[in-house]
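run-v7.csv (CSV, C-alpha atoms and all ligand atoms) appears below.
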```
chain,number,residue,atom,x,y,z
A,214,MET,CA,0.0,0.0,0.0
A,215,ASP,CA,3.1,2.2,0.1
A,216,ASP,CA,2.7,3.8,-3.3
A,217,VAL,CA,-0.9,4.9,-2.7
A,218,LYS,CA,-1.1,8.7,-2.9
A,219,GLY,CA,-4.9,9.4,-2.6
A,220,HIS,CA,-7.0,8.9,0.4
A,221,PHE,CA,-9.5,6.1,0.7
A,222,ILE,CA,-12.7,6.9,2.7
A,223,VAL,CA,-15.5,4.3,3.1
A,224,PHE,CA,-19.1,4.9,4.1
A,225,GLU,CA,-21.0,2.2,6.0
A,226,GLY,CA,-24.5,1.9,7.4
A,227,ILE,CA,-27.7,-0.1,7.0
A,228,ASP,CA,-29.7,0.4,3.7
A,229,GLY,CA,-31.3,3.8,3.7
A,230,SER,CA,-29.0,5.2,6.3
A,231,GLY,CA,-28.1,8.2,4.2
A,232,LYS,CA,-24.7,7.2,2.7
A,233,THR,CA,-25.3,8.3,-0.9
A,234,THR,CA,-26.5,11.7,0.3
A,235,GLN,CA,-23.4,12.3,2.4
A,236,ILE,CA,-21.0,10.9,-0.1
A,237,ASN,CA,-22.1,13.4,-2.7
A,238,LEU,CA,-21.8,16.3,-0.2
A,239,LEU,CA,-18.3,15.1,0.8
A,240,LYS,CA,-17.1,14.8,-2.8
A,241,ARG,CA,-18.2,18.4,-3.4
A,242,ARG,CA,-16.3,19.6,-0.3
A,243,ILE,CA,-13.1,17.7,-1.3
A,244,GLU,CA,-13.2,19.2,-4.8
A,245,GLU,CA,-13.7,22.7,-3.4
A,246,ASN,CA,-10.4,22.1,-1.7
A,247,ASN,CA,-8.9,21.3,-5.1
A,248,PHE,CA,-8.4,17.6,-4.6
A,249,LEU,CA,-9.4,15.0,-7.1
A,250,CYS,CA,-12.1,12.7,-5.9
A,251,HIS,CA,-13.9,9.7,-7.4
A,252,ILE,CA,-17.0,8.0,-6.0
A,253,THR,CA,-17.5,4.3,-6.2
A,254,GLN,CA,-19.7,1.6,-4.7
A,255,GLU,CA,-20.0,-2.1,-3.8
A,256,PRO,CA,-21.6,-4.1,-5.3
A,257,THR,CA,-19.8,-2.6,-8.3
A,258,GLY,CA,-21.2,-2.2,-11.8
A,259,ARG,CA,-18.7,-4.8,-13.1
A,260,PRO,CA,-19.6,-8.4,-13.9
A,261,VAL,CA,-19.6,-9.9,-10.4
A,262,GLY,CA,-21.3,-6.8,-9.0
A,263,SER,CA,-24.0,-7.0,-11.7
A,264,LEU,CA,-24.7,-10.6,-10.7
A,265,LEU,CA,-24.9,-9.5,-7.1
A,266,ARG,CA,-27.5,-6.8,-8.0
A,267,ASP,CA,-29.6,-9.5,-9.7
A,268,CYS,CA,-29.4,-11.6,-6.5
A,269,LEU,CA,-30.3,-8.6,-4.3
A,270,ALA,CA,-33.3,-7.8,-6.5
A,271,GLY,CA,-34.5,-11.4,-6.5
A,272,ARG,CA,-34.0,-11.9,-10.3
A,273,VAL,CA,-31.4,-14.6,-9.5
A,274,LYS,CA,-31.8,-17.0,-6.6
A,275,THR,CA,-28.8,-18.1,-4.6
A,276,ASP,CA,-27.8,-19.1,-1.0
A,277,GLU,CA,-26.1,-16.9,1.6
A,278,PHE,CA,-22.7,-18.8,1.3
A,279,THR,CA,-22.4,-18.1,-2.4
A,280,LEU,CA,-23.5,-14.5,-1.8
A,281,ALA,CA,-20.7,-14.0,0.7
A,282,ALA,CA,-18.1,-15.4,-1.8
A,283,LEU,CA,-19.5,-13.2,-4.6
A,284,PHE,CA,-19.2,-10.0,-2.4
A,285,ALA,CA,-15.6,-11.0,-1.7
A,286,ALA,CA,-14.8,-11.6,-5.4
A,287,ASP,CA,-16.5,-8.4,-6.4
A,288,ARG,CA,-14.4,-6.5,-3.9
A,289,LEU,CA,-11.1,-8.0,-5.1
A,290,ASP,CA,-12.0,-7.0,-8.7
A,291,HIS,CA,-12.9,-3.5,-7.4
A,292,ILE,CA,-9.5,-3.2,-5.8
A,293,LEU,CA,-7.4,-4.7,-8.5
A,294,ASN,CA,-8.9,-4.1,-11.9
A,295,ASP,CA,-6.9,-2.1,-14.4
A,296,ASP,CA,-9.8,0.0,-15.8
A,297,ASP,CA,-10.9,2.0,-12.8
A,298,GLY,CA,-9.7,-0.1,-9.9
A,299,LEU,CA,-9.3,1.4,-6.4
A,300,LEU,CA,-5.5,0.8,-6.3
A,301,LYS,CA,-5.0,2.3,-9.8
A,302,GLN,CA,-6.9,5.5,-8.9
A,303,LEU,CA,-5.3,5.9,-5.5
A,304,LYS,CA,-1.8,5.4,-7.0
A,305,GLU,CA,-2.6,8.2,-9.5
A,306,GLY,CA,-3.3,10.5,-6.5
A,307,ILE,CA,-7.1,10.4,-6.8
A,308,SER,CA,-9.0,10.2,-3.5
A,309,VAL,CA,-11.8,7.6,-3.5
A,310,ILE,CA,-15.0,7.5,-1.5
A,311,SER,CA,-16.6,4.1,-1.6
A,312,ASP,CA,-20.2,3.4,-0.7
A,313,ARG,CA,-19.5,0.1,1.3
A,314,TYR,CA,-16.4,-2.0,1.6
A,315,ILE,CA,-15.2,-5.0,3.8
A,316,LEU,CA,-17.2,-4.1,6.9
A,317,SER,CA,-20.4,-4.5,4.9
A,318,THR,CA,-19.6,-8.1,4.3
A,319,TYR,CA,-18.6,-8.7,7.9
A,320,ALA,CA,-21.8,-7.1,9.1
A,321,TYR,CA,-24.4,-8.4,6.5
A,322,GLN,CA,-23.1,-11.9,5.7
A,323,SER,CA,-22.1,-12.9,9.3
A,324,VAL,CA,-25.7,-12.8,10.2
A,325,ARG,CA,-26.1,-16.1,8.3
A,326,VAL,CA,-22.6,-17.6,7.7
A,327,PRO,CA,-19.8,-18.0,10.2
A,328,PHE,CA,-17.9,-14.8,10.9
A,329,ASN,CA,-14.4,-16.5,10.7
A,330,TRP,CA,-15.1,-17.7,7.2
A,331,VAL,CA,-16.3,-14.3,6.1
A,332,MET,CA,-13.1,-12.8,7.5
A,333,ASP,CA,-11.0,-15.5,5.6
A,334,LEU,CA,-12.8,-14.7,2.4
A,335,ASN,CA,-11.8,-11.1,2.7
A,336,SER,CA,-8.3,-11.5,4.0
A,337,MET,CA,-6.6,-10.7,0.7
A,338,ALA,CA,-8.7,-7.6,0.2
A,339,ALA,CA,-7.9,-6.5,3.8
A,340,ARG,CA,-4.2,-7.0,3.0
A,341,LYS,CA,-4.3,-5.1,-0.3
A,342,LEU,CA,-6.1,-2.0,0.8
A,343,LYS,CA,-7.1,-0.5,4.1
A,344,PRO,CA,-9.3,2.6,4.3
A,345,ASP,CA,-8.0,5.8,5.9
A,346,CYS,CA,-11.3,5.8,7.7
A,347,HIS,CA,-14.8,4.2,7.8
A,348,ILE,CA,-17.7,6.6,8.3
A,349,PHE,CA,-20.7,4.7,9.8
A,350,ILE,CA,-24.0,6.6,9.5
A,351,ASP,CA,-26.1,5.2,12.4
A,352,THR,CA,-29.7,5.2,11.5
A,353,LYS,CA,-32.3,2.9,13.1
A,354,PRO,CA,-34.0,0.3,10.9
A,355,ASP,CA,-37.5,1.9,11.2
A,356,THR,CA,-36.3,5.3,10.0
A,357,ALA,CA,-34.1,3.8,7.2
A,358,LEU,CA,-36.9,1.6,6.0
A,359,MET,CA,-39.4,4.6,6.0
A,360,ARG,CA,-36.9,6.6,3.9
A,361,ILE,CA,-36.4,3.7,1.5
A,362,SER,CA,-40.2,3.2,1.0
A,363,GLU,CA,-40.7,6.9,0.4
A,364,GLY,CA,-37.9,7.0,-2.2
A,365,ARG,CA,-38.7,4.0,-4.4
A,366,LYS,CA,-41.0,1.0,-5.1
A,367,GLY,CA,-39.8,-2.6,-4.4
A,368,LYS,CA,-37.5,-4.0,-1.6
A,369,GLU,CA,-34.1,-5.6,-2.0
A,370,LEU,CA,-33.1,-8.8,-0.3
A,371,PHE,CA,-32.0,-7.4,3.1
A,372,GLU,CA,-34.4,-4.5,3.3
A,373,ASN,CA,-36.6,-5.8,6.2
A,374,LYS,CA,-36.6,-4.8,9.8
A,375,LYS,CA,-35.4,-8.1,11.2
A,376,ARG,CA,-32.3,-8.3,9.0
A,377,LEU,CA,-31.4,-4.7,9.3
A,378,THR,CA,-31.7,-4.8,13.1
A,379,GLU,CA,-29.3,-7.8,13.1
A,380,VAL,CA,-26.9,-6.1,10.7
A,381,ARG,CA,-26.8,-2.9,12.8
A,382,ASP,CA,-26.1,-5.0,15.9
A,383,ARG,CA,-23.3,-6.7,14.0
A,384,TYR,CA,-21.8,-3.4,13.0
A,385,PHE,CA,-21.6,-2.4,16.7
A,386,GLU,CA,-20.0,-5.7,17.6
A,387,LEU,CA,-17.4,-5.1,14.9
A,388,PHE,CA,-16.6,-1.7,16.1
A,389,ARG,CA,-15.7,-3.1,19.5
A,390,LEU,CA,-13.6,-5.8,17.9
A,391,LEU,CA,-11.8,-3.4,15.5
A,392,LYS,CA,-11.4,-0.3,17.7
A,393,ASP,CA,-7.6,-0.7,17.9
A,394,THR,CA,-7.0,-1.5,14.2
A,395,GLU,CA,-9.5,0.5,12.2
A,396,ASN,CA,-10.3,4.2,12.1
A,397,ILE,CA,-14.1,4.2,12.5
A,398,ILE,CA,-16.2,7.4,12.8
A,399,ILE,CA,-19.8,6.9,14.0
A,400,VAL,CA,-22.2,9.7,13.1
A,401,ASP,CA,-25.8,10.0,14.2
A,402,GLY,CA,-27.8,9.6,11.0
A,403,THR,CA,-31.0,11.1,12.5
A,404,LYS,CA,-29.5,14.6,12.5
A,405,ASN,CA,-30.3,16.8,9.5
A,406,ILE,CA,-28.4,16.3,6.3
A,407,HIS,CA,-26.2,19.4,6.7
A,408,GLU,CA,-25.3,18.8,10.4
A,409,ILE,CA,-24.2,15.3,9.4
A,410,SER,CA,-22.1,16.6,6.5
A,411,ASP,CA,-20.4,19.2,8.8
A,412,ILE,CA,-19.5,16.4,11.4
A,413,ILE,CA,-18.1,14.3,8.6
A,414,TRP,CA,-16.0,17.1,7.3
A,415,GLU,CA,-14.7,17.9,10.8
A,416,ASN,CA,-13.3,14.4,10.8
A,417,VAL,CA,-11.8,14.1,7.3
A,418,SER,CA,-10.8,17.7,6.3
A,419,LYS,CA,-7.3,16.9,7.7
A,420,TYR,CA,-6.8,14.7,4.6
A,421,PHE,CA,-7.7,17.5,2.3
A,422,THR,CA,-5.7,20.5,3.3
A,423,SER,CA,-2.7,21.6,1.1
A,424,ALA,CA,0.7,21.7,2.8
A,501,LIG,P1,-28.3,5.1,1.4
A,501,LIG,O1,-27.4,5.4,0.3
A,501,LIG,O2,-27.6,4.8,2.7
A,501,LIG,O3,-29.3,4.0,1.0
A,501,LIG,P2,-29.6,7.6,0.8
A,501,LIG,O4,-28.6,8.7,0.9
A,501,LIG,O5,-30.0,7.2,-0.5
A,501,LIG,O6,-29.2,6.4,1.7
A,501,LIG,O7,-30.9,8.1,1.7
A,501,LIG,C1,-32.1,7.4,1.6
A,501,LIG,C2,-33.2,8.5,1.6
A,501,LIG,O8,-33.2,9.2,2.9
A,501,LIG,C3,-33.1,9.5,0.5
A,501,LIG,O9,-34.4,9.8,0.1
A,501,LIG,C4,-32.5,10.7,1.2
A,501,LIG,O10,-32.9,12.0,0.6
A,501,LIG,C5,-33.1,10.6,2.6
A,501,LIG,N1,-32.1,11.1,3.7
A,501,LIG,C6,-30.8,10.9,3.7
A,501,LIG,N2,-30.2,11.5,4.8
A,501,LIG,C7,-31.3,12.0,5.5
A,501,LIG,C8,-31.4,12.7,6.8
A,501,LIG,N3,-30.3,13.0,7.5
A,501,LIG,N4,-32.6,13.0,7.2
A,501,LIG,C9,-33.7,12.7,6.5
A,501,LIG,N5,-33.7,12.1,5.3
A,501,LIG,C10,-32.5,11.7,4.8
A,502,LIG,P1,-26.5,-0.6,-1.5
A,502,LIG,O1,-26.8,-0.4,-2.9
A,502,LIG,O2,-25.4,0.2,-0.9
A,502,LIG,O3,-27.8,-0.4,-0.7
A,502,LIG,P2,-28.3,1.0,0.0
A,502,LIG,O4,-27.9,2.1,-0.8
A,502,LIG,O5,-29.7,0.8,0.2
A,502,LIG,O6,-27.5,0.9,1.3
A,502,LIG,O7,-26.1,-2.1,-1.2
A,502,LIG,C1,-26.8,-3.1,-1.7
A,502,LIG,C2,-27.1,-4.2,-0.7
A,502,LIG,O8,-26.0,-5.1,-0.6
A,502,LIG,C3,-27.4,-3.7,0.8
A,502,LIG,O9,-28.5,-4.4,1.2
A,502,LIG,C4,-26.2,-4.2,1.5
A,502,LIG,C5,-25.7,-5.4,0.7
A,502,LIG,N1,-24.3,-5.8,0.9
A,502,LIG,C6,-24.0,-7.0,1.5
A,502,LIG,O10,-24.8,-7.7,2.1
A,502,LIG,N2,-22.7,-7.3,1.6
A,502,LIG,C7,-21.7,-6.5,1.1
A,502,LIG,O11,-20.5,-6.9,1.2
A,502,LIG,C8,-22.0,-5.3,0.4
A,502,LIG,C9,-21.0,-4.5,-0.3
A,502,LIG,C10,-23.4,-5.0,0.3
```
Starting from the file, lay out its structure as structure tokens.
Amino acid sequence: MDDVKGHFIVFEGIDGSGKTTQINLLKRRIEENNFLCHITQEPTGRPVGSLLRDCLAGRVKTDEFTLAALFAADRLDHILNDDDGLLKQLKEGISVISDRYILSTYAYQSVRVPFNWVMDLNSMAARKLKPDCHIFIDTKPDTALMRISEGRKGKELFENKKRLTEVRDRYFELFRLLKDTENIIIVDGTKNIHEISDIIWENVSKYFTSA
């Protein structure tokens, strides 16, 4: 990871927590400070990511073990591909904000498959690229689900109260487990959009000030 010049910031949270909204606001602030910034997401729009989108929408049926392996494969392709891969952009000095990364698989998949296996599946990705920070937008499932239902028709695979409650609990277990090794910033997602954006900027502006 030595030759990486850009900063890598990851947003995490349950579905509908407000990640996309905050990512767009953060990108604008980074660019106002004259830094290059690229937004990306997992699942990606590449072949494995597209298959995952079909699974999440219910167009393709699969089991939770295969899903966990697909998320890990999509992530490696996200990191390593030569077209617009994370390492390629970061090495060129472009900062990247990703909507979800390894902690999403730890939190969502470990609800149904053993946590140690999920960690094993992601061990190469974890070695290849570690985020400067993870920003977790904490929104309760009821609020997040209400926001989702107001915004669009149709629910994806994990967009139900039971699963999102389990996933949110997993995230908090992870934060306890990873507190000494990962830089995790937890933000109250029920505040208004601009308050949240200001709190995030207070935490990451240090990466985007010219010497
Ligand atoms: P995610 O990317 O995490 O699914 P979005 O940013 O798409 O979340 O937000 C889901 C919905 O909630 C959108 O309609 C968005 O406008 C709204 N929203 C986002 N943040 C807030 C907030 N802090 N307060 C109220 N509504 C919000
Ligand atoms: P996303 O499109 O980010 O949903 P939202 O914007 O509503 O948060 O993510 C798609 C879904 O995929 C979401 O339910 C979380 C799930 N997911 C996993 O279960 N594991 C993973 O590793 C990733 C990246 C996403």
Within 9 Å of A:Ile398 using all atoms listed in the file, minus same-chain residues under 2 positions, as number ranges by chain: A: 346-350, 396, 400, 413, 416
Kindly provide, as JSON, numbers by chain, the polymer residues lying within 10 Å of (-28.6, 1.1, 7.8), counting all atoms listed in the file and using the coordinates exactly as they appear in the file. {"A": [225, 226, 227, 228, 229, 230, 231, 232, 349, 350, 351, 352, 353, 354, 355, 356, 357, 358, 372, 377, 378, 380, 381, 384, 402]}
Atom pair atom O7 of ligand LIG 501 (chain A) / atom CA of A:Thr234: separation (Å):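 We find that atom O7 of ligand LIG 501 (chain A) and atom CA of A:Thr234 lie 5.9 Å from each other.
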Would you mind listing, for every residue of chain A within 10 Å of ligand LIG 502 (chain A), the two atoms forming the shortest contact and the distance between them in Å to one decimal, using only C-alpha atoms and all ligand atoms, sorted by chain and ascending residue number, as JSON lines?
```
{"residue": "A:Phe224", "atom": "CA", "partner": "A:LIG502", "partner_atom": "O2", "distance": 9.3}
{"residue": "A:Glu225", "atom": "CA", "partner": "A:LIG502", "partner_atom": "O6", "distance": 8.1}
{"residue": "A:Gly226", "atom": "CA", "partner": "A:LIG502", "partner_atom": "O6", "distance": 6.9}
{"residue": "A:Ile227", "atom": "CA", "partner": "A:LIG502", "partner_atom": "O6", "distance": 5.8}
{"residue": "A:Asp228", "atom": "CA", "partner": "A:LIG502", "partner_atom": "O6", "distance": 3.3}
{"residue": "A:Gly229", "atom": "CA", "partner": "A:LIG502", "partner_atom": "O5", "distance": 4.9}
{"residue": "A:Ser230", "atom": "CA", "partner": "A:LIG502", "partner_atom": "O6", "distance": 6.8}
{"residue": "A:Gly231", "atom": "CA", "partner": "A:LIG502", "partner_atom": "O6", "distance": 7.9}
{"residue": "A:Lys232", "atom": "CA", "partner": "A:LIG502", "partner_atom": "O4", "distance": 7.0}
{"residue": "A:Thr233", "atom": "CA", "partner": "A:LIG502", "partner_atom": "O4", "distance": 6.7}
{"residue": "A:Thr234", "atom": "CA", "partner": "A:LIG502", "partner_atom": "O4", "distance": 9.8}
{"residue": "A:Gln254", "atom": "CA", "partner": "A:LIG502", "partner_atom": "O2", "distance": 7.0}
{"residue": "A:Glu255", "atom": "CA", "partner": "A:LIG502", "partner_atom": "C9", "distance": 4.4}
{"residue": "A:Pro256", "atom": "CA", "partner": "A:LIG502", "partner_atom": "C9", "distance": 5.1}
{"residue": "A:Thr257", "atom": "CA", "partner": "A:LIG502", "partner_atom": "C9", "distance": 8.3}
{"residue": "A:Gly262", "atom": "CA", "partner": "A:LIG502", "partner_atom": "C9", "distance": 9.0}
{"residue": "A:Leu265", "atom": "CA", "partner": "A:LIG502", "partner_atom": "O8", "distance": 7.9}
{"residue": "A:Arg266", "atom": "CA", "partner": "A:LIG502", "partner_atom": "C1", "distance": 7.3}
{"residue": "A:Cys268", "atom": "CA", "partner": "A:LIG502", "partner_atom": "O8", "distance": 9.4}
{"residue": "A:Leu269", "atom": "CA", "partner": "A:LIG502", "partner_atom": "C2", "distance": 6.5}
{"residue": "A:Ala270", "atom": "CA", "partner": "A:LIG502", "partner_atom": "C2", "distance": 9.2}
{"residue": "A:Glu277", "atom": "CA", "partner": "A:LIG502", "partner_atom": "O10", "distance": 9.3}
{"residue": "A:Leu280", "atom": "CA", "partner": "A:LIG502", "partner_atom": "O10", "distance": 7.9}
{"residue": "A:Ala281", "atom": "CA", "partner": "A:LIG502", "partner_atom": "N2", "distance": 7.0}
{"residue": "A:Ala282", "atom": "CA", "partner": "A:LIG502", "partner_atom": "O11", "distance": 9.3}
{"residue": "A:Leu283", "atom": "CA", "partner": "A:LIG502", "partner_atom": "O11", "distance": 8.6}
{"residue": "A:Phe284", "atom": "CA", "partner": "A:LIG502", "partner_atom": "O11", "distance": 4.9}
{"residue": "A:Ala285", "atom": "CA", "partner": "A:LIG502", "partner_atom": "O11", "distance": 7.0}
{"residue": "A:Ala286", "atom": "CA", "partner": "A:LIG502", "partner_atom": "O11", "distance": 9.9}
{"residue": "A:Asp287", "atom": "CA", "partner": "A:LIG502", "partner_atom": "C9", "distance": 8.5}
{"residue": "A:Arg288", "atom": "CA", "partner": "A:LIG502", "partner_atom": "C9", "distance": 7.8}
{"residue": "A:Ser311", "atom": "CA", "partner": "A:LIG502", "partner_atom": "O2", "distance": 9.7}
{"residue": "A:Asp312", "atom": "CA", "partner": "A:LIG502", "partner_atom": "O2", "distance": 6.1}
{"residue": "A:Arg313", "atom": "CA", "partner": "A:LIG502", "partner_atom": "C9", "distance": 5.1}
{"residue": "A:Tyr314", "atom": "CA", "partner": "A:LIG502", "partner_atom": "C9", "distance": 5.6}
{"residue": "A:Ile315", "atom": "CA", "partner": "A:LIG502", "partner_atom": "O11", "distance": 6.2}
{"residue": "A:Leu316", "atom": "CA", "partner": "A:LIG502", "partner_atom": "O11", "distance": 7.2}
{"residue": "A:Ser317", "atom": "CA", "partner": "A:LIG502", "partner_atom": "O11", "distance": 4.4}
{"residue": "A:Thr318", "atom": "CA", "partner": "A:LIG502", "partner_atom": "O11", "distance": 3.4}
{"residue": "A:Tyr319", "atom": "CA", "partner": "A:LIG502", "partner_atom": "O11", "distance": 7.2}
{"residue": "A:Ala320", "atom": "CA", "partner": "A:LIG502", "partner_atom": "N2", "distance": 7.6}
{"residue": "A:Tyr321", "atom": "CA", "partner": "A:LIG502", "partner_atom": "O10", "distance": 4.5}
{"residue": "A:Gln322", "atom": "CA", "partner": "A:LIG502", "partner_atom": "O10", "distance": 5.8}
{"residue": "A:Ser323", "atom": "CA", "partner": "A:LIG502", "partner_atom": "O10", "distance": 9.3}
{"residue": "A:Val324", "atom": "CA", "partner": "A:LIG502", "partner_atom": "O10", "distance": 9.6}
{"residue": "A:Val331", "atom": "CA", "partner": "A:LIG502", "partner_atom": "O11", "distance": 9.8}
{"residue": "A:Asn335", "atom": "CA", "partner": "A:LIG502", "partner_atom": "O11", "distance": 9.8}
{"residue": "A:Ala357", "atom": "CA", "partner": "A:LIG502", "partner_atom": "O5", "distance": 8.8}
{"residue": "A:Leu358", "atom": "CA", "partner": "A:LIG502", "partner_atom": "O5", "distance": 9.3}
{"residue": "A:Arg360", "atom": "CA", "partner": "A:LIG502", "partner_atom": "O5", "distance": 10.0}
{"residue": "A:Ile361", "atom": "CA", "partner": "A:LIG502", "partner_atom": "O5", "distance": 7.4}
{"residue": "A:Lys368", "atom": "CA", "partner": "A:LIG502", "partner_atom": "O5", "distance": 9.3}
{"residue": "A:Glu369", "atom": "CA", "partner": "A:LIG502", "partner_atom": "O9", "distance": 6.6}
{"residue": "A:Leu370", "atom": "CA", "partner": "A:LIG502", "partner_atom": "O9", "distance": 6.5}
{"residue": "A:Phe371", "atom": "CA", "partner": "A:LIG502", "partner_atom": "O9", "distance": 5.0}
{"residue": "A:Glu372", "atom": "CA", "partner": "A:LIG502", "partner_atom": "O9", "distance": 6.3}
{"residue": "A:Asn373", "atom": "CA", "partner": "A:LIG502", "partner_atom": "O9", "distance": 9.6}
{"residue": "A:Arg376", "atom": "CA", "partner": "A:LIG502", "partner_atom": "O9", "distance": 9.5}
{"residue": "A:Leu377", "atom": "CA", "partner": "A:LIG502", "partner_atom": "O9", "distance": 8.6}
{"residue": "A:Val380", "atom": "CA", "partner": "A:LIG502", "partner_atom": "O10", "distance": 9.0}
```
Considering all atoms listed in the file, can you say which of A:Asn246, A:Ser423, A:Asn405, A:Thr394 comes closest to ligand LIG 501 (chain A)?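 Once distances to ligand LIG 501 (chain A) are computed over all atoms listed in the file, the minimum belongs to A:Asn405.
Going from atom CA of A:Lys240 to atom CA of A:Ser308 covers 9.3 Å.
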So, counting only C-alpha atoms and all ligand atoms, which residue among A:Glu305, A:Asp411, A:Glu244, A:Asp276 is closest to ligand LIG 501 (chain A)? A:Asp411
Å distance separating atom CA of A:Ile252 from atom CA of A:Ile236, one decimal place: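 Separation between atom CA of A:Ile252 and atom CA of A:Ile236: 7.7 Å.
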To test the calculation: enclose all listed atoms of ligand LIG 501 (chain A) in a box whose edges run along x, y and z, add 4 Å on each side, then state centre and edge lengths in Å to one decimal, as AutoDock Vina command-line options.
```
--center_x -30.9 --center_y 8.5 --center_z 3.5 --size_x 15.0 --size_y 17.0 --size_z 16.0
```
Could you name the residues that touch stretch 418-421 of chain A at 8 Å or less, counting all atoms listed in the file, but leaving out those on the same chain fewer than 3 positions away, as a CSV table (one decimal) with C-alpha atoms, keeping the file's coordinate frame?
```csv
chain,number,residue,atom,x,y,z
A,220,HIS,CA,-7.0,8.9,0.4
A,243,ILE,CA,-13.1,17.7,-1.3
A,246,ASN,CA,-10.4,22.1,-1.7
A,248,PHE,CA,-8.4,17.6,-4.6
A,414,TRP,CA,-16.0,17.1,7.3
A,415,GLU,CA,-14.7,17.9,10.8
```
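Proximity ranking of A:Gly367, A:Ile292, A:Thr403, A:Glu245 relative to A:Lys341 places A:Ile292 first, based on all atoms listed in the file.
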Would you mind listing what lies within 10 Å of A:Leu299 as JSON, numbers by chain, with only C-alpha atoms counted and same-chain residues fewer than 6 positions away left out? {"A": [217, 219, 221, 251, 253, 288, 289, 290, 291, 292, 293, 307, 308, 309, 310, 311, 342]}
Reconstruct N, CA and C atoms of stretch 279-292 of chain A; output as a PDB file, keeping the file's coordinate frame.
```
ATOM      1  N   THR A 279     -22.885 -18.546  -1.071  1.00  0.00           N
ATOM      2  CA  THR A 279     -22.400 -18.100  -2.400  1.00  0.00           C
ATOM      3  C   THR A 279     -22.426 -16.565  -2.445  1.00  0.00           C
ATOM      4  N   LEU A 280     -23.448 -15.959  -1.845  1.00  0.00           N
ATOM      5  CA  LEU A 280     -23.500 -14.500  -1.800  1.00  0.00           C
ATOM      6  C   LEU A 280     -22.239 -13.916  -1.144  1.00  0.00           C
ATOM      7  N   ALA A 281     -21.859 -14.487  -0.014  1.00  0.00           N
ATOM      8  CA  ALA A 281     -20.700 -14.000   0.700  1.00  0.00           C
ATOM      9  C   ALA A 281     -19.430 -14.095  -0.168  1.00  0.00           C
ATOM     10  N   ALA A 282     -19.313 -15.222  -0.891  1.00  0.00           N
ATOM     11  CA  ALA A 282     -18.100 -15.400  -1.800  1.00  0.00           C
ATOM     12  C   ALA A 282     -18.176 -14.412  -2.928  1.00  0.00           C
ATOM     13  N   LEU A 283     -19.375 -14.153  -3.445  1.00  0.00           N
ATOM     14  CA  LEU A 283     -19.500 -13.200  -4.600  1.00  0.00           C
ATOM     15  C   LEU A 283     -19.122 -11.775  -4.104  1.00  0.00           C
ATOM     16  N   PHE A 284     -19.572 -11.378  -2.907  1.00  0.00           N
ATOM     17  CA  PHE A 284     -19.200 -10.000  -2.400  1.00  0.00           C
ATOM     18  C   PHE A 284     -17.681  -9.935  -2.281  1.00  0.00           C
ATOM     19  N   ALA A 285     -17.042 -11.002  -1.817  1.00  0.00           N
ATOM     20  CA  ALA A 285     -15.600 -11.000  -1.700  1.00  0.00           C
ATOM     21  C   ALA A 285     -14.901 -10.902  -3.039  1.00  0.00           C
ATOM     22  N   ALA A 286     -15.428 -11.641  -4.009  1.00  0.00           N
ATOM     23  CA  ALA A 286     -14.800 -11.600  -5.400  1.00  0.00           C
ATOM     24  C   ALA A 286     -15.018 -10.251  -6.015  1.00  0.00           C
ATOM     25  N   ASP A 287     -16.212  -9.692  -5.868  1.00  0.00           N
ATOM     26  CA  ASP A 287     -16.500  -8.400  -6.400  1.00  0.00           C
ATOM     27  C   ASP A 287     -15.506  -7.337  -5.848  1.00  0.00           C
ATOM     28  N   ARG A 288     -15.250  -7.478  -4.555  1.00  0.00           N
ATOM     29  CA  ARG A 288     -14.400  -6.500  -3.900  1.00  0.00           C
ATOM     30  C   ARG A 288     -12.913  -6.646  -4.394  1.00  0.00           C
ATOM     31  N   LEU A 289     -12.435  -7.855  -4.610  1.00  0.00           N
ATOM     32  CA  LEU A 289     -11.100  -8.000  -5.100  1.00  0.00           C
ATOM     33  C   LEU A 289     -10.972  -7.384  -6.533  1.00  0.00           C
ATOM     34  N   ASP A 290     -12.003  -7.611  -7.347  1.00  0.00           N
ATOM     35  CA  ASP A 290     -12.000  -7.000  -8.700  1.00  0.00           C
ATOM     36  C   ASP A 290     -12.090  -5.488  -8.590  1.00  0.00           C
ATOM     37  N   HIS A 291     -12.829  -4.989  -7.614  1.00  0.00           N
ATOM     38  CA  HIS A 291     -12.900  -3.500  -7.400  1.00  0.00           C
ATOM     39  C   HIS A 291     -11.549  -2.974  -7.047  1.00  0.00           C
ATOM     40  N   ILE A 292     -10.808  -3.672  -6.229  1.00  0.00           N
ATOM     41  CA  ILE A 292      -9.500  -3.200  -5.800  1.00  0.00           C
ATOM     42  C   ILE A 292      -8.474  -3.281  -6.960  1.00  0.00           C
TER      43      ILE A 292
END
```
